[in-house]
Structures are given as structure tokens and as C-alpha cells.
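Structure first, commentary second.
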Amino acid sequence: MTQNGNLRYAVLALALGAFAIGTSEFAAMGLLPYFAGDLGITEPQAGHVISAYALGVVIGAPLTSVMGARLPRRRYLAALMAFYGVMNLLAAVLPGLAALTGMRFLAGLPHGGFLGVAMLYAADALPREHRARGAAQVAMGLTIANVVGVPLAGWMGQSIGWRWGFALPGVIALLSAWLILKVAPRVGGDPNARPWDELQALRNPRVLWLLAVGAIGFGGFFAVYAFLTAAMIATTQAPSYAIPLALCVFGVGGTLGTWVAGRMTERLGQIRAAYVSLAAMAVTQGFASLAVGTWQLMVLSSFLLAAGAGLVIPLQTRLMDVAGRAQNMAAAMNHAAFNAANALGPFLAGMALTAGWGWASSGYVGIGLTAAGAVVLTLAVWHDRASAAVADCA
């Protein structure tokens, strides 16, 4: 097999791992009403299970980056995906809310390290001017999961029990781990790599500003999406196929949005593409608020939310430029930042719901967080310009 062939199959194996992660992460949101009912808790309380996963991602990203600094990427990525699969299977079989919350937290630990390094691997395999496409190829696994994996998991949750919605991505993750070991090129680790070099990313202001953009700005997306299924059940007389349809069109929108984000980043540049993504997110969140109560519009809203959420691509490629030698850490922390958003958005939207502001309030929370992300992005740009001016004077 040629080197290009090896890379192509390796990227497919990595995209399958991203598919497992996307199925698990987003299916959990769609399954929220079902495990809430089965466990006898409210929807806002069930949101803590979602937040536990996100917290695991935030904590796990730096830990896995440091632990894997000297490991060959092939073994590192396969180990993370195998661990991910086992934790999802345990979430499916262990009884009680505490076990579910704990297993979801542990499942989140390898999320950022896997996706970050997988996208970095794919981006490095392409010429510099096409790196965004490489990152997008792996990210497509996440979005295609929402076309196939998440609706299937949602159907399982409705038909045969919500636990099957966690078992499915667990099995897929183990298959991905096996394929990565089988087809990824056997490239040795870097014996000179130092974990301290990776930790330097957490002291780099340019990296931290970009991470803050994702952690705050993307929170608006999750504020809306986390409660979309519950809002549809509570406010409409939707037919049984409406929720799987909403989850499916979400995946179609995400696949289209990721493809567009890769090309847009190459054409407009990273910063302008990030601003366009944030503006699109704010518009789709406003539409989501208006759509509450009409299931057909809520299905359309699901598509638009995903189609406008391509922010991860310009931020990922920007981080590759500013992270220096701490590429693995910066790439992993980008996904940690987005899962910090996954914790922040549902938490604030849950507070709005608990306060009695109604299901449409999640869209208002979303717009506020997205606008705050745009402010942080502007501050990041100002910081870069100020730093460049000081360097020129020196």
C-alpha cells in the first residue's frame, strides 16, 4: 500500500472515531428526556449528565496531551479510542444516575486528545494552504454521525431503551481503535518530546484568547441544541418521526457547514471566517427561539443550527499557527474549549428554564453567549496587533 493510501485509510479510521464521539456526545442530548424519565429526574437535572461529559473533556485534554507527548500517534489515538469505547459501554450497562454521570465524565477524558491530535494528523498530511481541509475531513466524522449515528441512537432510545444509545457508539469506538492500529502508518514517537513543551500552550496568551472564543462563543449553540428535543416534546404535538428527523437534518446541516467552513477559512482567512461563523450562529439561535411551538420549524431550526456552527475549523487552524511546539496540547484544548461551551451553554439555559422564562429562552441565552464570543475574538485580534506592534518597536 502506498503512503498516500495509508494516510487515506488512516484518516477514514480516525473519522470513524470522530463518528463514535459525535454519536455519543450529541445522542446524549437527544436521549435526555428518556433517561430523565427513566431515572425520575427533571430535564434540567438530567442536563448535569451532559455537563459531566463536557467537564471530562476539559480536564482530559491537557492530561492526555501530556501523557501522550512521547507516544507514537498511532498507539496514542488507538488507546484513547479504546478507552472511550469501554466507558460508553459501561454507561450503557451500569445502573443509576451516579454511575451514568460518572461514566459520562470518564468518557469525556479522551475526547479532546483524540479529536485534536486526529485533526492535527490529517492537517499535517496536506500542504499548508489546504490544512483546513485536512482538519475538516476528520471533523466530517462528527457531522456525519449526526446524519446516521445520532438518529439511530435516538430511534433506539425511543424504541428499545436509552441505554442502547450509549452502547452503539461504544462498539463503534472499539472498531475504530482496532482499525487505527491496523491501517495507520507506524511512525515512531518523538523521544525528545517534553511534556513541559506541551504545557507551554497554557501559558501562551494567543492560545488562551482563542480557547476563550470557543468556550464562550460556542456556548450559545449548545444552549439551544441541548434542550431542542425536550422543547419539541413539551411544546408541540409532533409525530413520532419528528425527533429522529430533527437529529438527522442536524447532521446534514453540520456536514454541509463543516465543508463550507473549511473552504471559507481558506478563502477569507481564519479571523474573518470566525466572525462569519459567529454571526451565522447568532442568526440561527434567534430563529430557534421563534420556532418553538411549531415542530416543522423546529426541525428546520435543527438544520440551520448545525449548518451555521463551523467555528471549530477556523479556530483549529489558527491555533496551529500560534501554538508553536505545543501543537498537540493546543489542538486538544480547542475541543476542551468547545466542551466547556457544552457545559456553560446548557447550564445557563437550564437556569433560564428553571426561572420560568420558557423554552424560547434558550435561544436568547445562545445569542448572548455568541455575542460575548465575538467580543472575545475582537480582544484576541487586538492583543495580536498590540503584540506585533511591540515586537516591531523592539
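Chain lettering (A, B, ...) mirrors the order of the C-alpha cells, residue numbering begins at 1 for each chain separately, and ligand numbering begins at 1 in order of display.
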
Write out as CSV the residues of range 204-260 of chain A that have any atom within 12 Å of an atom of range 317-337 of chain A, one row each with the nearest atom pair and its distance in Å to one decimal, counting only C-alpha atoms, sorted by chain and then rising number.
residue,atom,partner,partner_atom,distance
A:Asn204,CA,A:Ala323,CA,7.5
A:Pro205,CA,A:Val322,CA,9.5
A:Arg206,CA,A:Val322,CA,6.5
A:Val207,CA,A:Ala323,CA,6.3
A:Leu208,CA,A:Ala330,CA,9.1
A:Trp209,CA,A:Leu319,CA,10.1
A:Leu210,CA,A:Leu319,CA,7.3
A:Leu211,CA,A:Ala337,CA,5.5
A:Ala212,CA,A:Ala337,CA,7.0
A:Val213,CA,A:Ala337,CA,8.3
A:Gly214,CA,A:Ala337,CA,5.5
A:Ala215,CA,A:Ala337,CA,4.4
A:Ile216,CA,A:Ala337,CA,8.2
A:Gly217,CA,A:Ala337,CA,9.9
A:Phe218,CA,A:Ala337,CA,8.7
A:Gly219,CA,A:Ala337,CA,9.5

Residues from the last selection, C-alpha atoms, saved as a PDB file, in the first residue's frame:
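Result file follows (result29.pdb):
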ATOM      1  CA  ASN A 204       0.588  31.371  25.604  1.00  0.00           C
ATOM      2  CA  PRO A 205      -1.858  34.347  25.607  1.00  0.00           C
ATOM      3  CA  ARG A 206      -2.590  33.933  21.898  1.00  0.00           C
ATOM      4  CA  VAL A 207      -3.689  30.342  22.513  1.00  0.00           C
ATOM      5  CA  LEU A 208      -5.714  31.250  25.595  1.00  0.00           C
ATOM      6  CA  TRP A 209      -7.610  34.040  23.821  1.00  0.00           C
ATOM      7  CA  LEU A 210      -8.642  31.660  21.038  1.00  0.00           C
ATOM      8  CA  LEU A 211      -9.698  28.994  23.521  1.00  0.00           C
ATOM      9  CA  ALA A 212     -11.858  31.587  25.274  1.00  0.00           C
ATOM     10  CA  VAL A 213     -13.579  32.385  21.961  1.00  0.00           C
ATOM     11  CA  GLY A 214     -14.620  28.750  21.587  1.00  0.00           C
ATOM     12  CA  ALA A 215     -15.543  28.245  25.248  1.00  0.00           C
ATOM     13  CA  ILE A 216     -17.839  31.284  25.343  1.00  0.00           C
ATOM     14  CA  GLY A 217     -18.974  31.794  21.765  1.00  0.00           C
ATOM     15  CA  PHE A 218     -19.925  28.190  21.101  1.00  0.00           C
ATOM     16  CA  GLY A 219     -21.851  28.008  24.362  1.00  0.00           C
TER      17      GLY A 219
END

Write out as a JSON list (two decimals) with N, CA and C atoms, in the first residue's frame each polymer residue whose atoms come within 9 Å of Gly254 in chain A, counting only C-alpha atoms; drop sequence neighbours fewer than 2 positions from it.
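Wrote it out as around-v5.json, contents follow:
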[["chain", "number", "residue", "atom", "x", "y", "z"],
["A", 140, "MET", "N", -15.63, 15.86, 9.71],
["A", 140, "MET", "CA", -16.79, 15.34, 8.99],
["A", 140, "MET", "C", -17.33, 14.08, 9.67],
["A", 142, "LEU", "N", -17.65, 13.74, 12.80],
["A", 142, "LEU", "CA", -18.58, 14.25, 13.81],
["A", 142, "LEU", "C", -19.93, 14.60, 13.20],
["A", 143, "THR", "N", -19.88, 15.27, 12.06],
["A", 143, "THR", "CA", -21.13, 15.74, 11.47],
["A", 143, "THR", "C", -21.91, 14.61, 10.82],
["A", 144, "ILE", "N", -21.21, 13.67, 10.18],
["A", 144, "ILE", "CA", -21.91, 12.53, 9.58],
["A", 144, "ILE", "C", -22.55, 11.68, 10.68],
["A", 146, "ASN", "N", -24.17, 12.78, 13.01],
["A", 146, "ASN", "CA", -25.48, 13.36, 13.24],
["A", 146, "ASN", "C", -26.47, 13.06, 12.13],
["A", 147, "VAL", "N", -25.97, 12.57, 10.99],
["A", 147, "VAL", "CA", -26.86, 12.13, 9.92],
["A", 147, "VAL", "C", -27.31, 10.69, 10.15],
["A", 249, "VAL", "N", -31.50, 15.86, 10.17],
["A", 249, "VAL", "CA", -31.22, 17.08, 9.41],
["A", 249, "VAL", "C", -30.16, 17.92, 10.12],
["A", 250, "PHE", "N", -30.05, 17.78, 11.43],
["A", 250, "PHE", "CA", -28.94, 18.41, 12.14],
["A", 250, "PHE", "C", -27.61, 17.91, 11.59],
["A", 251, "GLY", "N", -27.52, 16.61, 11.39],
["A", 251, "GLY", "CA", -26.29, 16.05, 10.84],
["A", 251, "GLY", "C", -26.02, 16.51, 9.42],
["A", 252, "VAL", "N", -27.07, 16.58, 8.61],
["A", 252, "VAL", "CA", -26.90, 17.07, 7.23],
["A", 252, "VAL", "C", -26.41, 18.51, 7.26],
["A", 256, "LEU", "N", -22.70, 19.86, 5.87],
["A", 256, "LEU", "CA", -22.60, 20.97, 4.92],
["A", 256, "LEU", "C", -21.83, 22.13, 5.53],
["A", 257, "GLY", "N", -22.13, 22.47, 6.79],
["A", 257, "GLY", "CA", -21.46, 23.59, 7.44],
["A", 257, "GLY", "C", -19.98, 23.37, 7.62],
["A", 258, "THR", "N", -19.58, 22.15, 7.94],
["A", 258, "THR", "CA", -18.15, 21.85, 8.11],
["A", 258, "THR", "C", -17.41, 21.96, 6.78],
["A", 259, "TRP", "N", -18.02, 21.43, 5.72],
["A", 259, "TRP", "CA", -17.41, 21.54, 4.39],
["A", 259, "TRP", "C", -17.24, 23.00, 4.00],
["A", 303, "PHE", "N", -31.54, 21.99, 11.49],
["A", 303, "PHE", "CA", -30.65, 22.04, 10.33],
["A", 303, "PHE", "C", -29.83, 23.33, 10.32],
["A", 304, "LEU", "N", -30.48, 24.46, 10.54],
["A", 304, "LEU", "CA", -29.80, 25.75, 10.47],
["A", 304, "LEU", "C", -28.77, 25.90, 11.59],
["A", 305, "LEU", "N", -29.09, 25.43, 12.78],
["A", 305, "LEU", "CA", -28.14, 25.50, 13.89],
["A", 305, "LEU", "C", -26.83, 24.82, 13.53],
["A", 306, "ALA", "N", -26.93, 23.62, 12.98],
["A", 306, "ALA", "CA", -25.73, 22.86, 12.64],
["A", 306, "ALA", "C", -24.99, 23.46, 11.45],
["A", 307, "ALA", "N", -25.75, 23.92, 10.45],
["A", 307, "ALA", "CA", -25.13, 24.49, 9.25],
["A", 307, "ALA", "C", -24.32, 25.73, 9.56],
["A", 308, "GLY", "N", -24.74, 26.49, 10.58],
["A", 308, "GLY", "CA", -24.03, 27.71, 10.91],
["A", 308, "GLY", "C", -22.93, 27.56, 11.94],
["A", 309, "ALA", "N", -22.68, 26.32, 12.39],
["A", 309, "ALA", "CA", -21.76, 26.12, 13.51],
["A", 309, "ALA", "C", -20.42, 25.58, 13.06],
["A", 310, "GLY", "N", -19.75, 26.29, 12.15],
["A", 310, "GLY", "CA", -18.45, 25.84, 11.65],
["A", 310, "GLY", "C", -17.26, 26.49, 12.32]]

Write out as a PyMOL selection string the set of residues from range 110-342 of chain A that DSSP, computed on the backbone, places in alpha helix (DSSP H).
chain A and resi 111-124+131-145+149-159+164-183+195-199+205-217+219-225+228-235+242-268+270-291+295-307+312-322+327-342

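Counting only C-alpha atoms, the residue from A:Trp155, A:Tyr84, A:Trp359, A:Phe105 that sits nearest to Val171 in chain A is A:Tyr84.
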
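Excluding Arg163 in chain A itself and any same-chain residue fewer than 5 positions from it, the protein and nucleic acid residues within 12 Å of it, counting only C-alpha atoms, are Ser24, Ala27, Ala28, Leu31, Leu32, Tyr34, Phe35, Ala36, Asp38, Leu39, Asn88, Leu89, Leu90, Ala91, Ala92, Val93, Leu94, Pro95, Gly96, Leu100, Ala153, Gly154, Trp155, Met156, Gly157, Gln158, Leu168, Pro169 and Gly170 of chain A.
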
Which residues come within 7 Å of Ala52 in chain A, counting only C-alpha atoms, excluding same-chain residues fewer than 4 positions away, as a ChimeraX atom specification?
/A:48,56,101,104-105

Please produce, as a Markdown table, a per-residue contact table for range 25-142 of chain A versus range 339-344 of chain A (criterion: any atom at most 9 Å away, only C-alpha atoms considered), showing the nearest atom pair and its distance in Å to one decimal, sorted by chain then residue number.
| residue | atom | partner | partner_atom | distance |
| --- | --- | --- | --- | --- |
| A:Gly47 | CA | A:Ala343 | CA | 8.9 |
| A:His48 | CA | A:Ala343 | CA | 8.4 |
| A:Ile50 | CA | A:Ala343 | CA | 7.2 |
| A:Ser51 | CA | A:Ala343 | CA | 4.5 |
| A:Ala52 | CA | A:Ala343 | CA | 7.7 |
| A:Tyr53 | CA | A:Asn339 | CA | 8.2 |
| A:Ala54 | CA | A:Asn339 | CA | 4.7 |
| A:Leu55 | CA | A:Ala340 | CA | 6.7 |
| A:Gly56 | CA | A:Asn339 | CA | 8.7 |
| A:Val57 | CA | A:Asn339 | CA | 6.3 |
| A:Val58 | CA | A:Ala340 | CA | 6.2 |
| A:Gly112 | CA | A:Asn339 | CA | 8.6 |

Name the residues in contact with Ser176 in chain A at a cut-off of 12 Å, using only C-alpha atoms, excluding same-chain residues fewer than 2 positions from it; report them as a PyMOL selection string.
chain A and resi 9-21+74+77-85+114+141+169-174+178-184

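Compared by their closest atoms to Met351 in chain A, and using only C-alpha atoms, the residues A:Ala223, A:Thr235, A:Val276, A:Leu290 rank with A:Ala223 nearest.
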
Which residues, written as a PyMOL selection string, have at least one atom at most 8 Å from Gly60 in chain A, with only C-alpha atoms counted and residues fewer than 6 positions away on the same chain left out?
chain A and resi 108-113+336

Saved selection, atoms kept: N, CA and C atoms, as a CSV table (one decimal), in the first residue's frame:
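Output below, filename selection.csv:
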chain,number,residue,atom,x,y,z
A,108,GLY,N,-15.6,11.4,28.7
A,108,GLY,CA,-15.1,12.7,28.1
A,108,GLY,C,-13.6,12.9,28.2
A,109,LEU,N,-12.9,12.1,29.0
A,109,LEU,CA,-11.5,12.4,29.2
A,109,LEU,C,-10.7,12.3,27.9
A,110,PRO,N,-10.9,11.2,27.1
A,110,PRO,CA,-10.1,11.1,25.8
A,110,PRO,C,-10.6,11.9,24.7
A,111,HIS,N,-11.7,12.6,24.8
A,111,HIS,CA,-12.4,13.3,23.7
A,111,HIS,C,-11.5,14.3,23.0
A,112,GLY,N,-11.0,15.3,23.8
A,112,GLY,CA,-10.2,16.4,23.3
A,112,GLY,C,-8.9,15.9,22.7
A,113,GLY,N,-8.2,15.0,23.4
A,113,GLY,CA,-6.9,14.5,23.0
A,113,GLY,C,-7.1,13.8,21.7
A,336,ALA,N,-11.5,20.9,24.1
A,336,ALA,CA,-11.9,21.1,25.5
A,336,ALA,C,-12.6,22.4,25.7

Have a look at CA of Ala167 in chain A and CA of Met87 in chain A and let me know their distance in Å, one decimal.
9.5 Å

CA of Ser361 in chain A to CA of Ala242 in chain A, straight-line distance in Å
21.7 Å

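Going from CA of Phe347 in chain A to CA of Ala279 in chain A covers 22.4 Å.
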
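Comparing A:Ala246, A:Ala107, A:Ala374, A:Ala274 by their smallest distance to Ile59 in chain A, the closest is A:Ala107 (using only C-alpha atoms).
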